[in-house]
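Visitor: Coordinates in protein-v2.cif, mmCIF, C-alpha atoms, are listed below.
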data_start
#
loop_
_atom_site.group_PDB
_atom_site.id
_atom_site.type_symbol
_atom_site.label_atom_id
_atom_site.label_comp_id
_atom_site.auth_asym_id
_atom_site.auth_seq_id
_atom_site.Cartn_x
_atom_site.Cartn_y
_atom_site.Cartn_z
ATOM 1 C CA MET A 1 50.083 -15.924 53.799
ATOM 2 C CA PRO A 2 51.867 -15.246 50.455
ATOM 3 C CA PRO A 3 55.067 -17.166 49.795
ATOM 4 C CA ALA A 4 58.283 -15.496 50.837
ATOM 5 C CA GLN A 5 60.043 -13.594 48.051
ATOM 6 C CA SER A 6 63.545 -14.728 47.154
ATOM 7 C CA THR A 7 66.326 -12.243 47.785
ATOM 8 C CA ASP A 8 68.767 -14.080 45.494
ATOM 9 C CA PRO A 9 69.346 -11.810 42.428
ATOM 10 C CA SER A 10 70.038 -14.878 40.295
ATOM 11 C CA ASP A 11 66.352 -15.706 40.598
ATOM 12 C CA ASP A 12 65.471 -12.725 38.404
ATOM 13 C CA PRO A 13 62.725 -14.128 36.109
ATOM 14 C CA ALA A 14 63.463 -11.722 33.212
ATOM 15 C CA VAL A 15 65.549 -14.444 31.561
ATOM 16 C CA PRO A 16 64.578 -17.978 32.645
ATOM 17 C CA THR A 17 67.444 -19.943 34.177
ATOM 18 C CA LEU A 18 67.472 -22.613 31.471
ATOM 19 C CA GLU A 19 67.686 -19.976 28.742
ATOM 20 C CA ARG A 20 70.593 -17.996 30.189
ATOM 21 C CA PRO A 21 73.464 -19.891 28.498
ATOM 22 C CA LEU A 22 71.802 -19.502 25.096
ATOM 23 C CA TYR A 23 70.992 -15.872 25.838
ATOM 24 C CA LEU A 24 74.636 -15.123 26.612
ATOM 25 C CA LEU A 25 75.756 -16.680 23.331
ATOM 26 C CA THR A 26 73.790 -14.035 21.405
ATOM 27 C CA PHE A 27 76.211 -11.358 22.620
ATOM 28 C CA PHE A 28 79.171 -12.938 20.784
ATOM 29 C CA THR A 29 79.200 -11.299 17.357
ATOM 30 C CA ALA A 30 81.709 -10.462 14.620
ATOM 31 C CA LYS A 31 82.028 -6.957 16.090
ATOM 32 C CA GLU A 32 82.284 -8.150 19.691
ATOM 33 C CA PRO A 33 83.806 -11.649 19.649
ATOM 34 C CA VAL A 34 85.406 -11.430 23.114
ATOM 35 C CA TRP A 35 83.760 -10.659 26.456
ATOM 36 C CA THR A 36 84.722 -10.501 30.111
ATOM 37 C CA LEU A 37 82.410 -11.723 32.845
ATOM 38 C CA SER A 38 81.695 -8.178 34.001
ATOM 39 C CA GLY A 39 81.049 -7.044 30.424
ATOM 40 C CA LEU A 40 78.561 -9.853 29.812
ATOM 41 C CA SER A 41 76.845 -9.102 33.092
ATOM 42 C CA ARG A 42 76.391 -5.436 32.177
ATOM 43 C CA ALA A 43 75.285 -6.143 28.596
ATOM 44 C CA SER A 44 72.853 -8.912 29.514
ATOM 45 C CA GLY A 45 71.484 -7.332 32.651
ATOM 46 C CA LEU A 46 72.092 -10.571 34.554
ATOM 47 C CA PRO A 47 73.890 -10.686 37.903
ATOM 48 C CA SER A 48 77.536 -11.742 37.744
ATOM 49 C CA ALA A 49 76.788 -14.944 39.664
ATOM 50 C CA SER A 50 74.112 -15.934 37.134
ATOM 51 C CA CYS A 51 76.437 -15.139 34.217
ATOM 52 C CA LEU A 52 79.225 -17.188 35.729
ATOM 53 C CA ARG A 53 76.992 -20.231 36.194
ATOM 54 C CA ALA A 54 75.773 -19.968 32.595
ATOM 55 C CA ILE A 55 79.345 -19.522 31.313
ATOM 56 C CA ARG A 56 80.504 -22.629 33.164
ATOM 57 C CA VAL A 57 77.792 -24.654 31.423
ATOM 58 C CA LEU A 58 78.882 -23.245 28.039
ATOM 59 C CA GLU A 59 82.532 -24.006 28.820
ATOM 60 C CA LYS A 60 81.698 -27.556 29.861
ATOM 61 C CA TYR A 61 80.161 -28.286 26.465
ATOM 62 C CA GLN A 62 82.817 -26.276 24.557
ATOM 63 C CA PHE A 63 80.474 -23.538 23.384
ATOM 64 C CA LEU A 64 82.774 -21.003 25.018
ATOM 65 C CA ARG A 65 86.477 -21.062 25.847
ATOM 66 C CA ARG A 66 88.373 -18.901 28.291
ATOM 67 C CA ASP A 67 91.553 -16.984 27.474
ATOM 68 C CA HIS A 68 92.808 -15.605 30.795
ATOM 69 C CA MET A 69 89.902 -13.425 31.982
ATOM 70 C CA GLN A 70 88.095 -13.251 28.638
ATOM 71 C CA TYR A 71 85.688 -15.563 26.823
ATOM 72 C CA ARG A 72 85.231 -16.327 23.143
ATOM 73 C CA LEU A 73 83.232 -18.855 21.113
ATOM 74 C CA GLY A 74 84.416 -22.443 21.379
ATOM 75 C CA SER A 75 84.981 -25.370 19.045
ATOM 76 C CA GLN A 76 81.542 -26.901 19.545
ATOM 77 C CA LEU A 77 79.932 -24.022 17.665
ATOM 78 C CA VAL A 78 82.386 -24.477 14.796
ATOM 79 C CA ARG A 79 81.425 -28.151 14.569
ATOM 80 C CA LEU A 80 77.713 -27.389 14.708
ATOM 81 C CA SER A 81 78.109 -24.698 12.065
ATOM 82 C CA ALA A 82 79.939 -27.123 9.774
ATOM 83 C CA ASN A 83 77.214 -29.714 10.265
ATOM 84 C CA ALA A 84 74.509 -27.159 9.500
ATOM 85 C CA MET A 85 76.289 -26.088 6.322
ATOM 86 C CA ALA A 86 76.794 -29.690 5.223
ATOM 87 C CA SER A 87 73.103 -30.419 5.730
ATOM 88 C CA SER A 88 72.092 -27.677 3.251
ATOM 89 C CA PRO A 89 72.152 -29.334 -0.192
ATOM 90 C CA SER A 90 70.995 -26.194 -1.994
ATOM 91 C CA ARG A 91 73.906 -24.220 -0.554
ATOM 92 C CA ARG A 92 76.405 -26.927 -1.563
ATOM 93 C CA LEU A 93 74.997 -26.950 -5.082
ATOM 94 C CA ALA A 94 75.010 -23.165 -5.287
ATOM 95 C CA LEU A 95 78.560 -22.627 -4.002
ATOM 96 C CA PRO A 96 80.397 -23.194 -7.341
ATOM 97 C CA HIS A 97 78.024 -20.690 -8.984
ATOM 98 C CA LEU A 98 78.620 -18.168 -6.205
ATOM 99 C CA GLU A 99 82.370 -18.541 -6.558
ATOM 100 C CA HIS A 100 82.113 -18.127 -10.342
ATOM 101 C CA LEU A 101 79.993 -14.981 -9.902
ATOM 102 C CA HIS A 102 82.602 -13.577 -7.513
ATOM 103 C CA ARG A 103 85.388 -14.239 -10.041
ATOM 104 C CA LEU A 104 83.421 -12.535 -12.826
ATOM 105 C CA THR A 105 82.433 -9.429 -10.856
ATOM 106 C CA GLY A 106 85.132 -9.098 -8.189
ATOM 107 C CA LEU A 107 82.351 -8.332 -5.692
ATOM 108 C CA ALA A 108 81.430 -10.090 -2.467
ATOM 109 C CA VAL A 109 78.652 -12.612 -3.119
ATOM 110 C CA SER A 110 76.220 -13.756 -0.433
ATOM 111 C CA TRP A 111 73.672 -16.564 -0.079
ATOM 112 C CA SER A 112 70.850 -15.803 2.357
ATOM 113 C CA VAL A 113 67.669 -17.636 3.308
ATOM 114 C CA LEU A 114 64.411 -16.682 4.978
ATOM 115 C CA GLU A 115 64.431 -17.627 8.656
ATOM 116 C CA SER A 116 61.198 -16.653 10.394
ATOM 117 C CA GLN A 117 61.104 -12.901 9.706
ATOM 118 C CA GLU A 118 64.825 -12.381 9.131
ATOM 119 C CA ALA A 119 67.355 -12.856 6.339
ATOM 120 C CA LEU A 120 69.932 -15.369 7.562
ATOM 121 C CA THR A 121 73.258 -15.339 5.685
ATOM 122 C CA LEU A 122 74.652 -18.839 5.206
ATOM 123 C CA GLU A 123 77.504 -18.167 2.769
ATOM 124 C CA VAL A 124 79.721 -15.257 1.731
ATOM 125 C CA VAL A 125 82.280 -15.515 -1.061
ATOM 126 C CA ALA A 126 84.712 -12.605 -0.931
ATOM 127 C CA SER A 127 88.405 -11.780 -1.288
ATOM 128 C CA PRO A 128 90.937 -9.675 0.633
ATOM 129 C CA GLU A 129 90.785 -7.094 -2.164
ATOM 130 C CA HIS A 130 86.989 -6.820 -1.984
ATOM 131 C CA PRO A 131 85.827 -8.108 1.409
ATOM 132 C CA ALA A 132 82.221 -8.258 2.503
ATOM 133 C CA GLU A 133 81.767 -5.144 4.630
ATOM 134 C CA ARG A 134 78.143 -5.501 5.724
ATOM 135 C CA VAL A 135 77.073 -9.124 5.296
ATOM 136 C CA GLN A 136 78.783 -11.844 7.325
ATOM 137 C CA VAL A 137 78.117 -15.569 7.618
ATOM 138 C CA GLY A 138 75.588 -16.100 10.364
ATOM 139 C CA ALA A 139 74.297 -12.531 10.201
ATOM 140 C CA ALA A 140 70.547 -12.157 10.667
ATOM 141 C CA LEU A 141 69.245 -9.085 8.836
ATOM 142 C CA ASP A 142 65.964 -7.238 9.086
ATOM 143 C CA LEU A 143 63.663 -8.055 6.144
ATOM 144 C CA SER A 144 62.782 -4.394 5.698
ATOM 145 C CA ALA A 145 66.229 -3.213 4.568
ATOM 146 C CA GLY A 146 68.795 -4.244 1.962
ATOM 147 C CA ALA A 147 68.630 -5.797 -1.494
ATOM 148 C CA VAL A 148 69.029 -9.370 -0.206
ATOM 149 C CA SER A 149 66.279 -8.848 2.359
ATOM 150 C CA ARG A 150 64.033 -7.172 -0.194
ATOM 151 C CA VAL A 151 64.137 -10.281 -2.400
ATOM 152 C CA LEU A 152 63.331 -12.600 0.494
ATOM 153 C CA LEU A 153 60.447 -10.379 1.576
ATOM 154 C CA ALA A 154 59.056 -10.057 -1.959
ATOM 155 C CA PHE A 155 58.700 -13.840 -2.303
ATOM 156 C CA ALA A 156 58.001 -14.693 1.350
ATOM 157 C CA PRO A 157 54.744 -16.376 2.421
ATOM 158 C CA GLN A 158 51.847 -13.942 2.575
ATOM 159 C CA GLU A 159 51.604 -13.977 6.365
ATOM 160 C CA VAL A 160 55.273 -12.964 6.657
ATOM 161 C CA ARG A 161 54.870 -10.222 4.034
ATOM 162 C CA ARG A 162 51.800 -8.801 5.747
ATOM 163 C CA SER A 163 53.451 -8.759 9.160
ATOM 164 C CA VAL A 164 56.747 -7.179 8.046
ATOM 165 C CA LEU A 165 55.177 -4.595 5.736
ATOM 166 C CA ALA A 166 52.529 -3.591 8.279
ATOM 167 C CA SER A 167 55.256 -3.016 10.870
ATOM 168 C CA LEU A 168 57.409 -1.078 8.420
ATOM 169 C CA TRP A 169 54.591 1.184 7.251
ATOM 170 C CA ALA A 170 53.401 1.829 10.791
ATOM 171 C CA GLU A 171 56.891 2.966 11.778
ATOM 172 C CA HIS A 172 57.724 4.834 8.538
ATOM 173 C CA PRO A 173 54.428 5.725 6.827
ATOM 174 C CA HIS A 174 56.108 8.276 4.527
ATOM 175 C CA THR A 175 58.146 5.502 2.847
ATOM 176 C CA ARG A 176 55.122 3.405 1.894
ATOM 177 C CA PRO A 177 54.805 4.604 -1.752
ATOM 178 C CA HIS A 178 58.475 3.859 -2.455
ATOM 179 C CA GLN A 179 58.394 0.558 -0.582
ATOM 180 C CA GLU A 180 55.306 -0.554 -2.514
ATOM 181 C CA LEU A 181 56.904 0.450 -5.818
ATOM 182 C CA LEU A 182 60.163 -1.377 -5.101
ATOM 183 C CA ASP A 183 58.415 -4.439 -3.702
ATOM 184 C CA GLY A 184 56.268 -4.666 -6.836
ATOM 185 C CA LEU A 185 59.310 -4.135 -9.068
ATOM 186 C CA THR A 186 61.226 -6.911 -7.294
ATOM 187 C CA ARG A 187 58.308 -9.294 -7.803
ATOM 188 C CA LYS A 188 58.050 -8.271 -11.468
ATOM 189 C CA ALA A 189 61.722 -8.104 -12.508
ATOM 190 C CA TRP A 190 63.100 -10.653 -10.001
ATOM 191 C CA LEU A 191 65.826 -8.227 -8.938
ATOM 192 C CA ALA A 192 66.356 -5.816 -6.056
ATOM 193 C CA LEU A 193 68.670 -2.862 -5.482
ATOM 194 C CA GLU A 194 69.682 -0.970 -2.353
ATOM 195 C CA VAL A 195 71.031 2.564 -2.702
ATOM 196 C CA SER A 196 72.103 4.524 0.346
ATOM 197 C CA ARG A 197 74.420 7.386 1.191
ATOM 198 C CA GLN A 198 74.398 6.820 4.919
ATOM 199 C CA PRO A 199 76.422 5.607 6.679
ATOM 200 C CA ALA A 200 78.412 5.099 3.439
ATOM 201 C CA ASP A 201 77.723 5.133 -0.264
ATOM 202 C CA ARG A 202 76.476 1.734 -1.370
ATOM 203 C CA CYS A 203 74.784 0.119 -4.309
ATOM 204 C CA ASP A 204 73.976 -3.558 -3.691
ATOM 205 C CA VAL A 205 71.825 -5.872 -5.792
ATOM 206 C CA ALA A 206 70.174 -9.272 -5.271
ATOM 207 C CA ALA A 207 68.163 -11.907 -7.119
ATOM 208 C CA PRO A 208 65.936 -14.845 -6.069
ATOM 209 C CA VAL A 209 66.641 -18.562 -6.397
ATOM 210 C CA PHE A 210 63.728 -21.005 -6.735
ATOM 211 C CA GLN A 211 63.356 -24.762 -6.408
ATOM 212 C CA GLY A 212 61.432 -27.148 -8.628
ATOM 213 C CA ASP A 213 58.002 -26.447 -7.125
ATOM 214 C CA GLY A 214 58.433 -22.689 -7.556
ATOM 215 C CA ARG A 215 59.110 -21.885 -3.923
ATOM 216 C CA LEU A 216 61.857 -19.437 -2.990
ATOM 217 C CA VAL A 217 65.080 -21.075 -1.791
ATOM 218 C CA ALA A 218 67.413 -18.137 -1.218
ATOM 219 C CA SER A 219 68.511 -14.668 -2.202
ATOM 220 C CA VAL A 220 71.861 -14.174 -3.960
ATOM 221 C CA GLY A 221 73.425 -10.764 -3.352
ATOM 222 C CA LEU A 222 76.298 -8.716 -4.744
ATOM 223 C CA GLU A 223 77.831 -6.318 -2.215
ATOM 224 C CA ARG A 224 79.726 -3.351 -3.592
ATOM 225 C CA SER A 225 82.511 -1.641 -1.689
ATOM 226 C CA ARG A 226 81.983 2.066 -1.061
ATOM 227 C CA SER A 227 85.141 2.748 -3.098
ATOM 228 C CA MET A 228 83.794 1.073 -6.225
ATOM 229 C CA PRO A 229 81.000 3.199 -7.785
ATOM 230 C CA PRO A 230 79.699 1.431 -10.922
ATOM 231 C CA SER A 231 79.001 2.991 -14.277
ATOM 232 C CA ARG A 232 75.620 2.262 -15.802
ATOM 233 C CA ALA A 233 77.206 -0.230 -18.190
ATOM 234 C CA VAL A 234 78.994 -1.999 -15.340
ATOM 235 C CA LEU A 235 75.862 -2.096 -13.191
ATOM 236 C CA GLU A 236 73.828 -3.503 -16.073
ATOM 237 C CA GLN A 237 76.511 -6.135 -16.721
ATOM 238 C CA GLU A 238 76.600 -7.120 -13.031
ATOM 239 C CA LEU A 239 72.815 -7.387 -12.918
ATOM 240 C CA GLY A 240 72.987 -9.637 -15.977
ATOM 241 C CA LEU A 241 75.619 -11.892 -14.413
ATOM 242 C CA LEU A 242 73.681 -12.030 -11.137
ATOM 243 C CA ASN A 243 70.478 -12.886 -12.987
ATOM 244 C CA GLN A 244 72.238 -15.657 -14.932
ATOM 245 C CA ALA A 245 73.753 -17.133 -11.763
ATOM 246 C CA ALA A 246 70.368 -17.167 -10.000
ATOM 247 C CA GLN A 247 68.788 -18.825 -13.020
ATOM 248 C CA ARG A 248 71.477 -21.505 -13.283
ATOM 249 C CA ILE A 249 71.264 -22.356 -9.593
ATOM 250 C CA SER A 250 67.479 -22.550 -9.859
ATOM 251 C CA ARG A 251 67.722 -24.850 -12.886
ATOM 252 C CA ASP A 252 70.103 -27.093 -10.962
ATOM 253 C CA LEU A 253 67.524 -27.204 -8.165
ATOM 254 C CA GLY A 254 64.858 -28.399 -10.584
ATOM 255 C CA TYR A 255 63.163 -25.117 -11.538
ATOM 256 C CA THR A 256 61.881 -25.525 -15.106
ATOM 257 C CA ARG A 257 59.396 -22.671 -15.473
ATOM 258 C CA GLU A 258 59.990 -19.579 -17.583
ATOM 259 C CA TRP A 259 62.617 -17.322 -16.044
ATOM 260 C CA GLN A 260 61.295 -13.825 -15.357
ATOM 261 C CA GLY A 261 64.529 -12.037 -14.374
ATOM 262 C CA ASP A 262 64.864 -8.886 -16.503
ATOM 263 C CA PRO A 263 67.836 -6.570 -15.735
ATOM 264 C CA ALA A 264 67.084 -4.134 -18.596
ATOM 265 C CA PHE A 265 63.471 -3.630 -17.480
ATOM 266 C CA PHE A 266 64.614 -3.312 -13.883
ATOM 267 C CA LEU A 267 67.093 -0.507 -14.640
ATOM 268 C CA GLN A 268 64.643 1.240 -16.953
ATOM 269 C CA ILE A 269 62.005 1.473 -14.208
ATOM 270 C CA LEU A 270 64.507 2.641 -11.586
ATOM 271 C CA GLU A 271 65.645 5.439 -13.884
ATOM 272 C CA SER A 272 62.134 6.393 -14.965
ATOM 273 C CA VAL A 273 61.023 7.018 -11.368
ATOM 274 C CA ASN A 274 64.286 8.802 -10.453
ATOM 275 C CA ILE A 275 65.440 6.221 -7.938
ATOM 276 C CA LEU A 276 68.625 5.693 -9.920
ATOM 277 C CA ALA A 277 70.394 8.354 -11.983
ATOM 278 C CA PHE A 278 73.744 8.608 -13.731
ATOM 279 C CA THR A 279 75.995 11.547 -14.591
ATOM 280 C CA GLU A 280 77.354 12.138 -18.070
ATOM 281 C CA ALA A 281 80.411 10.169 -16.965
ATOM 282 C CA SER A 282 78.002 7.313 -16.195
ATOM 283 C CA SER A 283 79.052 6.991 -12.586
ATOM 284 C CA VAL A 284 76.888 6.242 -9.609
ATOM 285 C CA GLY A 285 77.479 8.755 -6.850
ATOM 286 C CA ASN A 286 76.028 12.138 -6.033
ATOM 287 C CA ASP A 287 73.281 11.730 -8.593
ATOM 288 C CA LEU A 288 71.773 8.768 -6.764
ATOM 289 C CA VAL A 289 68.408 9.808 -5.407
ATOM 290 C CA ASN A 290 68.602 9.338 -1.656
ATOM 291 C CA TYR A 291 65.234 7.684 -1.090
ATOM 292 C CA PRO A 292 64.971 5.490 2.015
ATOM 293 C CA ILE A 293 64.779 2.249 0.032
#
Could I get this structure in the form of structure tokens?
Guide:
Amino acid sequence: MPPAQSTDPSDDPAVPTLERPLYLLTFFTAKEPVWTLSGLSRASGLPSASCLRAIRVLEKYQFLRRDHMQYRLGSQLVRLSANAMASSPSRRLALPHLEHLHRLTGLAVSWSVLESQEALTLEVVASPEHPAERVQVGAALDLSAGAVSRVLLAFAPQEVRRSVLASLWAEHPHTRPHQELLDGLTRKAWLALEVSRQPADRCDVAAPVFQGDGRLVASVGLERSRSMPPSRAVLEQELGLLNQAAQRISRDLGYTREWQGDPAFFLQILESVNILAFTEASSVGNDLVNYPI
């Protein structure tokens, strides 16, 4: 006789019991930092009783705190985040350079690392005048989109590159020629650019940072506000400053090989293949070719 089936909805095996507290934490984001019990239950697909048990565990260890009938992240996560940041010597060494780059350009500057097959942002240097609109500390970004991600993918281990690119080309085969061109250009010029009109005009750039043995450490990005279209001269200057910052951080990390970053070559290729164009007033805007890059 087969064993009796449980009628308790909390026994739903879709999310194992031991994983449920961690699973619920993934729903707390910068866009949705506060949740009610009923909201978490609907979003997670877990019964309210299961959610409540998981929440009580998270409250006990200060991963969540309750404000009336709502829940938000607790102090334990802040402490763990601080410990994680402190244990990253490359980030600590890079921070003064990131702050200097922000002062020189006025743009939001990010520091992201390769985590499995995602770009994990560990640091953002911004200001109230020019806040980071798309990249936030702790954000995990897809490797197939964005200048920062493009750099990490270009210098990722071969098995990661093969997996991500195969997935991307299977889903969007028409973009393969442009993706191959931009991937090759990033590997050649040590720079990446993201141009998009949707959902808002943007023109972001990134550069790689290497350690002494030549392995990639991180991607440094400059995020431009939609209200700040650059002229060609400004974009070239920003690429130069970004390239210099990446080189200096790499030198501080022990990288002694010849530096291959080449902003002039990078811009020349982008213009020659009509991925980047400028009006007579030298502004980036409607003349940007809207390729899915």
Visitor: Find, counting only C-alpha atoms, the residue in A:Thr105, A:Ser163, A:Gln260, A:Thr29 that gets nearest to Leu242 of chain A.
Guide: A:Thr105
Visitor: Since I can't run it myself right now, could you work out what the PyMOL selection byres ((chain A and resi 77) around 12) selects here and report it as a list in words?
Guide: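 Given this file, the PyMOL selection byres ((chain A and resi 77) around 12) evaluates to Leu22, Leu25, Phe28, Leu58, Glu59, Tyr61, Gln62, Phe63, Leu64, Arg65, Arg72, Leu73, Gly74, Ser75, Gln76, Val78, Arg79, Leu80, Ser81, Ala82, Asn83, Ala84 and Gly138 of chain A.
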Visitor: Selection in question (the file shown): the PyMOL selection byres ((chain A and resi 139) around 6). Which residues does it include, as a list of chain:residue names?
Guide: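 Going through the file, the PyMOL selection byres ((chain A and resi 139) around 6) ends up selecting A:Leu120, A:Thr121, A:Gln136, A:Val137, A:Gly138, A:Ala140.
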Visitor: Quick one: residues within 12 Å of Arg248 of chain A, only C-alpha atoms counted, chain neighbours fewer than 2 positions away excluded, as a list in words?
Guide: Leu93, Ala94, Leu95, Pro96, His97, Leu98, His100, Leu101, Ala207, Pro208, Val209, Phe210, Gln211, Val220, Leu241, Leu242, Asn243, Gln244, Ala245, Ala246, Ser250, Arg251, Asp252, Leu253, Gly254, Tyr255, Thr256, Trp259 and Gly261 of chain A
Visitor: Take the residues from that selection and put them in a file with C-alpha atoms, as a compact mmCIF listing (two decimals), in the frame of the given file.
Guide:
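Saved file out-v6.txt follows:
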# COMPACT_ATOMS: atom_id res chain seq x y z
CA LEU A 93 75.00 -26.95 -5.08
CA ALA A 94 75.01 -23.16 -5.29
CA LEU A 95 78.56 -22.63 -4.00
CA PRO A 96 80.40 -23.19 -7.34
CA HIS A 97 78.02 -20.69 -8.98
CA LEU A 98 78.62 -18.17 -6.20
CA HIS A 100 82.11 -18.13 -10.34
CA LEU A 101 79.99 -14.98 -9.90
CA ALA A 207 68.16 -11.91 -7.12
CA PRO A 208 65.94 -14.84 -6.07
CA VAL A 209 66.64 -18.56 -6.40
CA PHE A 210 63.73 -21.00 -6.74
CA GLN A 211 63.36 -24.76 -6.41
CA VAL A 220 71.86 -14.17 -3.96
CA LEU A 241 75.62 -11.89 -14.41
CA LEU A 242 73.68 -12.03 -11.14
CA ASN A 243 70.48 -12.89 -12.99
CA GLN A 244 72.24 -15.66 -14.93
CA ALA A 245 73.75 -17.13 -11.76
CA ALA A 246 70.37 -17.17 -10.00
CA SER A 250 67.48 -22.55 -9.86
CA ARG A 251 67.72 -24.85 -12.89
CA ASP A 252 70.10 -27.09 -10.96
CA LEU A 253 67.52 -27.20 -8.16
CA GLY A 254 64.86 -28.40 -10.58
CA TYR A 255 63.16 -25.12 -11.54
CA THR A 256 61.88 -25.52 -15.11
CA TRP A 259 62.62 -17.32 -16.04
CA GLY A 261 64.53 -12.04 -14.37
Visitor: What lies within 9 Å of segment 263-268 of chain A using all atoms listed in the file, ignoring chain neighbours under 3 positions off, as JSON, numbers by chain?
Guide: {"A": [185, 186, 188, 189, 190, 191, 192, 236, 237, 239, 240, 243, 271, 272, 273, 276]}
Visitor: Could you tell me how far atom CA of Pro173 of chain A sits from atom CA of Ala154 of chain A, in Å to one decimal place?
Guide: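 Atom CA of Pro173 of chain A lies 18.6 Å from atom CA of Ala154 of chain A.
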Visitor: Starting from 4 Å padding per side, set up an axis-aligned box that covers all listed atoms of segment 25-37 of chain A and hand over centre and edge lengths in Å, one decimal, as JSON.
Guide:
{"center_x": 79.6, "center_y": -11.8, "center_z": 23.7, "size_x": 19.6, "size_y": 17.7, "size_z": 26.2}
Visitor: Do you have the atom CA of Leu104 of chain A-atom CA of Ser90 of chain A distance handy?
Guide: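 Calculated distance between atom CA of Leu104 of chain A and atom CA of Ser90 of chain A is 21.4 Å.
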Visitor: One number please: atom CA of Val125 of chain A to atom CA of Arg187 of chain A, in Å, one decimal.
Guide: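 The value is 25.7 Å.
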Visitor: Would you list the contacts of Leu193 of chain A as a PyMOL selection string, taking every protein, DNA or RNA residue within 12 Å and counting all atoms listed in the file, but skipping same-chain residues closer than 6 positions in sequence?
Guide: chain A and resi 145-151+179+182-183+185-186+202-207+220-224+235-236+238-239+242+263+266-267+269-270+275-276+291-293
Visitor: Where does the PyMOL selection byres ((chain A and resi 50) around 12) land in this file, that is, which residues does it pick, as a ChimeraX atom specification?
Guide: /A:8-13,15-21,23-24,37-38,40-42,44-49,51-57
Visitor: With C-alpha atoms retained, export the selected residues as an mmCIF file, in the frame of the given file.
Guide:
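What landed in out-v2.cif:
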data_model
loop_
_atom_site.group_PDB
_atom_site.id
_atom_site.type_symbol
_atom_site.label_atom_id
_atom_site.label_comp_id
_atom_site.auth_asym_id
_atom_site.auth_seq_id
_atom_site.Cartn_x
_atom_site.Cartn_y
_atom_site.Cartn_z
ATOM 1 C CA ASP A 8 68.767 -14.080 45.494
ATOM 2 C CA PRO A 9 69.346 -11.810 42.428
ATOM 3 C CA SER A 10 70.038 -14.878 40.295
ATOM 4 C CA ASP A 11 66.352 -15.706 40.598
ATOM 5 C CA ASP A 12 65.471 -12.725 38.404
ATOM 6 C CA PRO A 13 62.725 -14.128 36.109
ATOM 7 C CA VAL A 15 65.549 -14.444 31.561
ATOM 8 C CA PRO A 16 64.578 -17.978 32.645
ATOM 9 C CA THR A 17 67.444 -19.943 34.177
ATOM 10 C CA LEU A 18 67.472 -22.613 31.471
ATOM 11 C CA GLU A 19 67.686 -19.976 28.742
ATOM 12 C CA ARG A 20 70.593 -17.996 30.189
ATOM 13 C CA PRO A 21 73.464 -19.891 28.498
ATOM 14 C CA TYR A 23 70.992 -15.872 25.838
ATOM 15 C CA LEU A 24 74.636 -15.123 26.612
ATOM 16 C CA LEU A 37 82.410 -11.723 32.845
ATOM 17 C CA SER A 38 81.695 -8.178 34.001
ATOM 18 C CA LEU A 40 78.561 -9.853 29.812
ATOM 19 C CA SER A 41 76.845 -9.102 33.092
ATOM 20 C CA ARG A 42 76.391 -5.436 32.177
ATOM 21 C CA SER A 44 72.853 -8.912 29.514
ATOM 22 C CA GLY A 45 71.484 -7.332 32.651
ATOM 23 C CA LEU A 46 72.092 -10.571 34.554
ATOM 24 C CA PRO A 47 73.890 -10.686 37.903
ATOM 25 C CA SER A 48 77.536 -11.742 37.744
ATOM 26 C CA ALA A 49 76.788 -14.944 39.664
ATOM 27 C CA CYS A 51 76.437 -15.139 34.217
ATOM 28 C CA LEU A 52 79.225 -17.188 35.729
ATOM 29 C CA ARG A 53 76.992 -20.231 36.194
ATOM 30 C CA ALA A 54 75.773 -19.968 32.595
ATOM 31 C CA ILE A 55 79.345 -19.522 31.313
ATOM 32 C CA ARG A 56 80.504 -22.629 33.164
ATOM 33 C CA VAL A 57 77.792 -24.654 31.423
#
Visitor: Considering all atoms listed in the file, state which residue in the set A:Ser144, A:Ile249, A:Pro33, A:Gly214 is at the smallest distance from Trp169 of chain A.
Guide: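 Closest candidate: A:Ser144.
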Visitor: I need every residue sitting at most 7 Å from the point (75.3, -11.9, 1.8) (coordinates as in the file, all atoms listed in the file considered), written as a PyMOL selection string.
Guide: chain A and resi 109-112+121+123-124+135-136+221
Visitor: Could you tell me which of A:Asn274, A:Arg91, A:Gly39, A:Phe27 comes closest to His178 of chain A if we count only C-alpha atoms?
Guide: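 Ranked by minimum distance to His178 of chain A, first place goes to A:Asn274.
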Visitor: Selecting N, CA, C and O atoms, how would segment 101-105 of chain A from this structure be written as a PDB file, in the first residue's frame?
Guide:
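New file selection19.pdb:
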ATOM      1  N   LEU A 101      37.459  58.975  -9.803  1.00  0.00           N
ATOM      2  CA  LEU A 101      36.826  58.936 -11.122  1.00  0.00           C
ATOM      3  C   LEU A 101      35.456  59.607 -11.079  1.00  0.00           C
ATOM      4  O   LEU A 101      35.084  60.330 -12.009  1.00  0.00           O
ATOM      5  N   HIS A 102      34.723  59.413  -9.998  1.00  0.00           N
ATOM      6  CA  HIS A 102      33.419  60.068  -9.857  1.00  0.00           C
ATOM      7  C   HIS A 102      33.586  61.588  -9.789  1.00  0.00           C
ATOM      8  O   HIS A 102      32.821  62.336 -10.413  1.00  0.00           O
ATOM      9  N   ARG A 103      34.582  62.054  -9.039  1.00  0.00           N
ATOM     10  CA  ARG A 103      34.813  63.505  -8.944  1.00  0.00           C
ATOM     11  C   ARG A 103      35.187  64.099 -10.299  1.00  0.00           C
ATOM     12  O   ARG A 103      34.763  65.205 -10.646  1.00  0.00           O
ATOM     13  N   LEU A 104      35.974  63.374 -11.084  1.00  0.00           N
ATOM     14  CA  LEU A 104      36.422  63.891 -12.376  1.00  0.00           C
ATOM     15  C   LEU A 104      35.302  63.923 -13.411  1.00  0.00           C
ATOM     16  O   LEU A 104      35.256  64.830 -14.255  1.00  0.00           O
ATOM     17  N   THR A 105      34.418  62.937 -13.388  1.00  0.00           N
ATOM     18  CA  THR A 105      33.397  62.813 -14.425  1.00  0.00           C
ATOM     19  C   THR A 105      32.018  63.292 -13.987  1.00  0.00           C
ATOM     20  O   THR A 105      31.197  63.660 -14.839  1.00  0.00           O
TER      21      THR A 105
END
